[in-house]
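Peer 1: Got a file for you: model16.csv, CSV, C-alpha atoms and all ligand atoms.
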chain,number,residue,atom,x,y,z
A,29,MET,CA,-113.7,95.2,165.5
A,30,PRO,CA,-115.8,98.2,166.7
A,31,ILE,CA,-119.0,97.2,168.4
A,32,THR,CA,-122.1,98.8,166.8
A,33,ALA,CA,-125.6,99.2,168.1
A,34,LYS,CA,-129.2,99.5,166.9
A,35,ILE,CA,-131.7,101.4,168.9
A,36,CYS,CA,-135.1,100.0,168.0
A,37,GLY,CA,-138.7,101.1,168.3
A,38,LEU,CA,-138.0,104.9,168.1
A,39,SER,CA,-141.1,107.0,167.6
A,40,THR,CA,-140.2,110.6,168.5
A,41,PRO,CA,-137.8,113.1,167.0
A,42,GLU,CA,-136.1,113.6,170.4
A,43,THR,CA,-135.4,110.0,171.1
A,44,LEU,CA,-134.3,109.4,167.5
A,45,ASP,CA,-131.9,112.3,167.8
A,46,ALA,CA,-130.6,110.9,171.1
A,47,ALA,CA,-129.8,107.6,169.4
A,48,ILE,CA,-128.0,109.4,166.5
A,49,LYS,CA,-126.1,111.7,168.8
A,50,GLY,CA,-125.1,108.7,171.0
A,51,GLY,CA,-123.5,106.9,168.0
A,52,ALA,CA,-126.1,104.3,167.0
A,53,SER,CA,-125.2,102.6,163.8
A,54,HIS,CA,-128.8,101.6,163.1
A,55,VAL,CA,-132.2,102.9,164.1
A,56,GLY,CA,-135.3,100.7,164.1
A,57,PHE,CA,-138.8,101.6,163.1
A,58,VAL,CA,-141.5,99.1,164.0
A,59,PHE,CA,-144.3,98.4,161.5
A,60,PHE,CA,-146.5,96.0,163.4
A,61,PRO,CA,-149.9,97.4,164.6
A,62,PRO,CA,-150.1,95.4,167.9
A,63,SER,CA,-146.8,96.9,169.1
A,64,PRO,CA,-146.8,100.1,171.3
A,65,ARG,CA,-143.9,101.2,169.0
A,66,HIS,CA,-145.9,100.8,165.7
A,67,LEU,CA,-145.4,103.8,163.4
A,68,SER,CA,-147.9,105.2,160.9
A,69,ARG,CA,-146.4,105.8,157.5
A,70,GLU,CA,-146.6,109.6,158.1
A,71,ARG,CA,-144.7,109.4,161.3
A,72,ALA,CA,-142.1,107.1,159.8
A,73,ALA,CA,-141.5,109.6,157.0
A,74,GLN,CA,-141.0,112.4,159.5
A,75,LEU,CA,-138.5,110.4,161.5
A,76,ALA,CA,-136.7,109.0,158.4
A,77,ALA,CA,-136.0,112.6,157.2
A,78,ARG,CA,-133.9,113.2,160.4
A,79,VAL,CA,-131.6,110.3,159.9
A,80,PRO,CA,-128.1,111.1,158.4
A,81,ASP,CA,-126.6,108.9,155.7
A,82,HIS,CA,-124.2,107.1,158.0
A,83,VAL,CA,-127.0,105.7,160.2
A,84,ALA,CA,-129.0,102.8,158.7
A,85,ARG,CA,-132.8,102.7,159.0
A,86,VAL,CA,-134.1,99.3,159.8
A,87,GLY,CA,-137.8,98.4,159.4
A,88,VAL,CA,-139.1,95.7,161.8
A,89,PHE,CA,-141.9,93.5,160.6
A,90,VAL,CA,-143.8,90.3,161.6
A,91,ASP,CA,-144.4,88.1,158.6
A,92,PRO,CA,-145.4,91.1,156.4
A,93,ASP,CA,-147.2,91.1,153.1
A,94,ASN,CA,-145.8,92.9,150.1
A,95,ALA,CA,-148.0,95.9,150.4
A,96,GLN,CA,-147.0,96.5,154.0
A,97,ILE,CA,-143.3,96.2,153.1
A,98,GLU,CA,-143.5,98.5,150.1
A,99,SER,CA,-145.3,101.3,151.8
A,100,ALA,CA,-143.0,101.1,154.8
A,101,ILE,CA,-139.9,101.1,152.6
A,102,ASP,CA,-141.1,104.3,150.9
A,103,ALA,CA,-142.2,106.1,154.0
A,104,GLY,CA,-139.3,105.1,156.2
A,105,ARG,CA,-136.6,105.2,153.5
A,106,LEU,CA,-135.5,101.8,154.8
A,107,ASP,CA,-132.0,100.4,154.3
A,108,ALA,CA,-132.7,97.0,155.8
A,109,LEU,CA,-135.7,94.9,156.9
A,110,GLN,CA,-135.8,92.9,160.1
A,111,LEU,CA,-138.2,90.0,159.7
A,112,HIS,CA,-139.7,88.1,162.7
A,113,LYS,CA,-141.7,84.9,162.3
A,114,THR,CA,-141.0,84.8,158.5
A,115,SER,CA,-140.1,81.6,156.8
A,116,PRO,CA,-136.8,81.2,154.8
A,117,VAL,CA,-138.8,80.9,151.6
A,118,ARG,CA,-140.7,84.1,152.3
A,119,VAL,CA,-137.5,85.9,153.3
A,120,ALA,CA,-135.9,84.9,150.0
A,121,GLU,CA,-139.0,86.3,148.1
A,122,ILE,CA,-138.8,89.6,150.0
A,123,LYS,CA,-135.0,89.8,149.3
A,124,ALA,CA,-135.7,89.2,145.5
A,125,ARG,CA,-138.5,91.9,145.5
A,126,THR,CA,-136.7,94.6,147.5
A,127,GLY,CA,-133.0,94.0,147.1
A,128,LEU,CA,-132.5,95.4,150.6
A,129,GLU,CA,-130.4,94.0,153.4
A,130,LEU,CA,-132.5,91.4,155.2
A,131,TRP,CA,-132.2,90.4,158.8
A,132,ALA,CA,-133.9,87.1,159.9
A,133,ALA,CA,-134.9,87.0,163.5
A,134,VAL,CA,-134.3,83.6,165.1
A,135,ALA,CA,-136.2,83.2,168.4
A,136,VAL,CA,-134.0,81.4,171.0
A,137,LYS,CA,-134.8,79.6,174.1
A,138,THR,CA,-132.9,76.3,173.7
A,139,ARG,CA,-129.8,75.3,171.8
A,140,THR,CA,-132.0,73.5,169.2
A,141,ASP,CA,-133.6,76.8,168.3
A,142,LEU,CA,-130.2,78.0,166.9
A,143,ASP,CA,-130.5,75.4,164.1
A,144,ALA,CA,-133.0,77.7,162.4
A,145,ALA,CA,-130.2,80.1,161.7
A,146,ARG,CA,-128.8,77.8,159.0
A,147,THR,CA,-132.1,77.7,157.2
A,148,TYR,CA,-131.7,81.3,156.3
A,149,THR,CA,-128.2,81.1,154.6
A,150,ALA,CA,-129.5,81.5,151.1
A,151,ALA,CA,-132.1,84.2,151.9
A,152,ALA,CA,-130.9,86.6,154.7
A,153,ASP,CA,-127.9,88.8,155.1
A,154,ARG,CA,-127.8,88.7,158.9
A,155,ILE,CA,-129.3,86.6,161.7
A,156,LEU,CA,-130.7,88.4,164.7
A,157,TYR,CA,-130.7,86.1,167.7
A,158,ASP,CA,-133.6,87.3,169.9
A,159,ALA,CA,-135.2,85.7,172.9
A,160,LYS,CA,-138.3,83.6,172.3
A,161,THR,CA,-141.3,85.3,173.9
A,162,PRO,CA,-144.1,83.2,175.5
A,163,GLU,CA,-146.6,81.7,173.1
A,164,SER,CA,-149.3,83.8,174.7
A,165,ALA,CA,-147.3,87.0,174.3
A,166,ALA,CA,-148.7,89.8,172.0
A,167,LEU,CA,-145.3,90.4,170.4
A,168,PRO,CA,-142.5,88.1,169.2
A,169,GLY,CA,-140.0,90.7,170.4
A,170,GLY,CA,-139.6,94.0,172.2
A,171,MET,CA,-140.6,92.5,175.5
A,172,GLY,CA,-137.3,92.6,177.3
A,173,VAL,CA,-137.0,88.9,177.4
A,174,ARG,CA,-133.4,87.6,177.5
A,175,PHE,CA,-132.1,84.2,176.5
A,176,ASP,CA,-129.1,82.3,178.0
A,177,TRP,CA,-126.1,83.7,176.2
A,178,ALA,CA,-124.2,80.6,176.9
A,179,LEU,CA,-126.3,78.9,174.3
A,180,LEU,CA,-124.1,80.7,171.7
A,181,ASP,CA,-120.9,79.2,173.1
A,182,GLY,CA,-119.1,77.3,170.3
A,183,PHE,CA,-122.0,77.8,167.8
A,184,ARG,CA,-120.8,78.2,164.2
A,185,HIS,CA,-122.6,81.3,163.0
A,186,PRO,CA,-123.6,80.7,159.4
A,187,MET,CA,-123.6,84.4,158.5
A,188,PRO,CA,-123.1,87.9,160.1
A,189,TRP,CA,-125.3,88.2,163.2
A,190,ALA,CA,-126.6,90.5,165.9
A,191,LEU,CA,-127.7,89.9,169.5
A,192,SER,CA,-130.9,91.1,171.0
A,193,GLY,CA,-133.4,90.3,173.7
A,194,GLY,CA,-133.5,91.8,177.1
A,195,LEU,CA,-130.4,94.0,176.7
A,196,ASP,CA,-130.1,97.1,178.7
A,197,PRO,CA,-127.5,99.7,179.8
A,198,ASP,CA,-126.4,97.5,182.7
A,199,ASN,CA,-126.0,94.2,181.0
A,200,VAL,CA,-124.9,95.0,177.5
A,201,ALA,CA,-121.2,95.0,178.2
A,202,GLU,CA,-121.4,91.6,179.8
A,203,ALA,CA,-123.5,90.4,176.9
A,204,ILE,CA,-120.9,91.5,174.4
A,205,ARG,CA,-118.0,90.1,176.4
A,206,ARG,CA,-119.8,86.8,176.8
A,207,THR,CA,-121.0,86.3,173.2
A,208,ARG,CA,-118.5,88.4,171.2
A,209,ALA,CA,-121.4,90.1,169.4
A,210,THR,CA,-120.3,93.0,167.2
A,211,LEU,CA,-123.8,94.4,166.7
A,212,VAL,CA,-126.3,94.6,169.6
A,213,ASP,CA,-130.0,95.6,169.4
A,214,VAL,CA,-132.2,97.0,172.1
A,215,SER,CA,-135.7,98.2,172.5
A,216,SER,CA,-137.5,97.9,175.8
A,217,GLY,CA,-134.2,98.1,177.8
A,218,VAL,CA,-134.0,101.8,176.9
A,219,GLU,CA,-137.6,102.7,177.7
A,220,SER,CA,-139.4,104.1,180.8
A,221,ALA,CA,-142.6,102.3,179.8
A,222,PRO,CA,-143.6,100.1,176.8
A,223,GLY,CA,-143.2,102.2,173.7
A,224,ILE,CA,-141.8,105.2,175.6
A,225,LYS,CA,-138.1,105.6,174.9
A,226,ASP,CA,-135.9,107.3,177.5
A,227,GLU,CA,-133.1,109.6,176.2
A,228,THR,CA,-131.0,109.0,179.3
A,229,LYS,CA,-131.1,105.2,178.9
A,230,ILE,CA,-130.4,105.5,175.2
A,231,ALA,CA,-127.3,107.5,176.0
A,232,ALA,CA,-126.2,105.1,178.8
A,233,PHE,CA,-126.6,102.1,176.5
A,234,LEU,CA,-124.6,103.6,173.7
A,235,LYS,CA,-121.9,104.7,176.1
A,236,ALA,CA,-121.6,101.2,177.5
A,237,VAL,CA,-121.2,99.8,174.0
A,238,ALA,CA,-118.7,102.5,173.0
A,239,THR,CA,-116.4,101.9,176.0
A,240,LEU,CA,-115.7,98.3,175.1
B,1,LIG,O1,-140.3,96.2,169.5
B,1,LIG,C1,-141.3,95.7,169.1
B,1,LIG,O2,-142.4,96.2,169.5
B,1,LIG,C2,-141.3,94.5,168.3
B,1,LIG,C3,-142.4,94.1,167.7
B,1,LIG,C4,-142.4,93.0,166.9
B,1,LIG,C5,-141.3,92.3,166.6
B,1,LIG,C6,-140.1,92.7,167.2
B,1,LIG,C7,-140.1,93.8,168.0
B,1,LIG,N1,-138.9,94.3,168.6
B,1,LIG,C8,-137.6,93.7,168.5
B,1,LIG,O3,-137.4,92.7,169.5
B,1,LIG,C9,-136.0,92.7,169.8
B,1,LIG,C10,-135.8,92.6,171.3
B,1,LIG,O4,-136.4,93.7,172.0
B,1,LIG,P1,-136.1,94.0,173.6
B,1,LIG,O5,-134.8,94.7,173.6
B,1,LIG,O6,-136.0,92.7,174.3
B,1,LIG,O7,-137.2,94.8,174.0
B,1,LIG,C11,-135.4,93.8,169.2
B,1,LIG,O8,-134.7,93.3,168.1
B,1,LIG,C12,-136.5,94.7,168.6
B,1,LIG,O9,-136.1,95.1,167.4
Any chance you could give the structure as structure tokens?
Ligand SMILES: O=C(O)c1ccccc1N[C@@H]1O[C@H](COP(=O)(O)O)[C@@H](O)[C@H]1O

Peer 2:
Amino acid sequence: MPITAKICGLSTPETLDAAIKGGASHVGFVFFPPSPRHLSRERAAQLAARVPDHVARVGVFVDPDNAQIESAIDAGRLDALQLHKTSPVRVAEIKARTGLELWAAVAVKTRTDLDAARTYTAAADRILYDAKTPESAALPGGMGVRFDWALLDGFRHPMPWALSGGLDPDNVAEAIRRTRATLVDVSSGVESAPGIKDETKIAAFLKAVATL
């Protein structure tokens, strides 16, 4: 099965184009004001217009309300929604309202954390295993925190899934070999500073994925 990749937190035409040119299957637009990657609706609309049909636009949210979601879907022409810190009931409501592909982020630090994946079976289309960030952290993701990939050994995934959390051009091949992920997601690992994507790192990440 080909390995695919999402480059998340894109905010400029140049870095978006680098992700598309490098072969990303998905591009991520963050709609969460505390994030250095947060996009205004205007900026999202400008970027969305550059994305060809074969690349999916994923909106990233943290327990959003309906108005936030609806304006972002319109502006970013979103194909899928990635929801962090959002309950299974709320994910199901959002699925019913939007009809879009829904990704439920599951924050992982211990094996027990994986149990949450099963609570989304009726609501989400994909689980995104992400590293749990510290309680005091400003963001639930996008901080380059990695979890122990061995926690996924022998775990029966209840639905399609993707791997994220602390991936970068140097470790993504090992992560894929270790976990057998077929979709990987990166944000800070292809940046030169928080919120500043690096075209060279994006290309290196996608090359590392493509050579597997
Ligand atoms: O990137 C953000 O700013 C962000 C904000 C709020 C929720 C999630 C966010 N990013 C997601 O976090 C994971 C892991 O990121 P990293 O590669 O460890 O930096 C990724 O799925 C991003 O989409």

Peer 1: In terms of the shortest atom-to-atom distance over all atoms listed in the file, which of A:Arg146, A:Lys137, A:Lys49, A:His66 is closest to ligand LIG 1 (chain B)?

Peer 2: A:His66

Peer 1: Around ligand LIG 1 (chain B), which protein and nucleic acid residues have at least one atom no more than 8 Å from it, if we count only C-alpha atoms and all ligand atoms? List them as number ranges by chain.

Peer 2: A: 35-37, 56, 58-60, 62-66, 88-90, 110-112, 133, 156, 158-159, 167-174, 191-196, 213-218, 223

Peer 1: What does the distance from atom CA of Ala232 of chain A to atom CA of Arg206 of chain A come to in Å, to one decimal?

Peer 2: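 Interatomic distance, atom CA of Ala232 of chain A to atom CA of Arg206 of chain A: 19.5 Å.
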
Peer 1: Could you tell me how far atom CA of Asp181 of chain A lies from atom CA of Thr32 of chain A, in Å and to one decimal?

Peer 2: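 Rounded to one decimal, the two atoms are 20.6 Å apart.
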
Peer 1: Under the rule of at most 9 Å, produce a per-residue listing of segment 80-100 of chain A near segment 124-132 of chain A: chain, number, name, the closest pair of atoms, and the distance in Å, as a Markdown table, using all atoms listed in the file.

Peer 2:
| residue | atom | partner | partner_atom | distance |
| --- | --- | --- | --- | --- |
| A:Asn94 | CA | A:Arg125 | CA | 8.7 |
| A:Ile97 | CA | A:Thr126 | CA | 8.8 |
| A:Glu98 | CA | A:Thr126 | CA | 8.3 |

Peer 1: I need the residues from that last selection saved to file as a PDB file, in the frame of the given file (with C-alpha atoms), if you can.

Peer 2:
ATOM      1  CA  ASN A  94    -145.800  92.900 150.100  1.00  0.00           C
ATOM      2  CA  ILE A  97    -143.300  96.200 153.100  1.00  0.00           C
ATOM      3  CA  GLU A  98    -143.500  98.500 150.100  1.00  0.00           C
TER       4      GLU A  98
END

Peer 1: Calculate how many Å separate atom CA of Lys123 of chain A from atom CA of Met29 of chain A, rounding to one decimal.

Peer 2: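 Calculated distance between atom CA of Lys123 of chain A and atom CA of Met29 of chain A is 27.3 Å.
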
Peer 1: Taking all atoms listed in the file into account, name the residue in A:Thr207, A:Arg184, A:Leu240, A:Ala178 that is nearest to Pro30 of chain A.

Peer 2: A:Leu240

Peer 1: Would you pick out the contacts of Asp81 of chain A at 12 Å or less, using only C-alpha atoms, so that residues sharing its chain but fewer than 3 positions from it are not included, and give the list as a list in words?

Peer 2: Ile48, Ser53, His54, Val55, Ala76, Ala77, Arg78, Ala84, Arg85, Arg105, Leu106 and Asp107 of chain A

Peer 1: Restricting the calculation to all atoms listed in the file, which member of A:Glu121, A:Glu70, A:Asp198, A:Asp143 is positioned closest to Phe233 of chain A?

Peer 2: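 Checking each of A:Glu121, A:Glu70, A:Asp198, A:Asp143 against Phe233 of chain A, counting all atoms listed in the file, the winner is A:Asp198.
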
Peer 1: With all atoms of segment 176-184 of chain A from the file as input, state the centre and edge lengths in Å to one decimal of the axis-aligned box that has 4 Å extra on each side, as lines of an AutoDock Vina configuration file.

Peer 2:
center_x = -124.1
center_y = 80.5
center_z = 171.1
size_x = 18.0
size_y = 14.4
size_z = 21.8

Peer 1: Which residues, written as a ChimeraX atom specification, have at least one atom at most 10 Å from Lys235 of chain A, with all atoms listed in the file counted and residues fewer than 6 positions away on the same chain left out?

Peer 2: /A:50-51,197,201,229

Peer 1: Would you mind exporting C-alpha atoms of the selected residues as a compact mmCIF listing (two decimals), in the coordinates of the input?

Peer 2:
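File produced: again_1.txt:
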# COMPACT_ATOMS: atom_id res chain seq x y z
CA GLY A 50 -125.10 108.70 171.00
CA GLY A 51 -123.50 106.90 168.00
CA PRO A 197 -127.50 99.70 179.80
CA ALA A 201 -121.20 95.00 178.20
CA LYS A 229 -131.10 105.20 178.90

Peer 1: Which one is closest to Gly87 of chain A: A:Ala221, A:Met187, A:Leu109, A:Ala72? Count only C-alpha atoms.

Peer 2: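 Nearest to Gly87 of chain A: A:Leu109.
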
Peer 1: Let me make sure I understand: among A:Ser220, A:Thr149, A:Thr239, A:Thr138, which one has the smallest atom-to-atom distance to Arg205 of chain A if we use only C-alpha atoms?

Peer 2: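 So, comparing all the options, the nearest one is A:Thr239.
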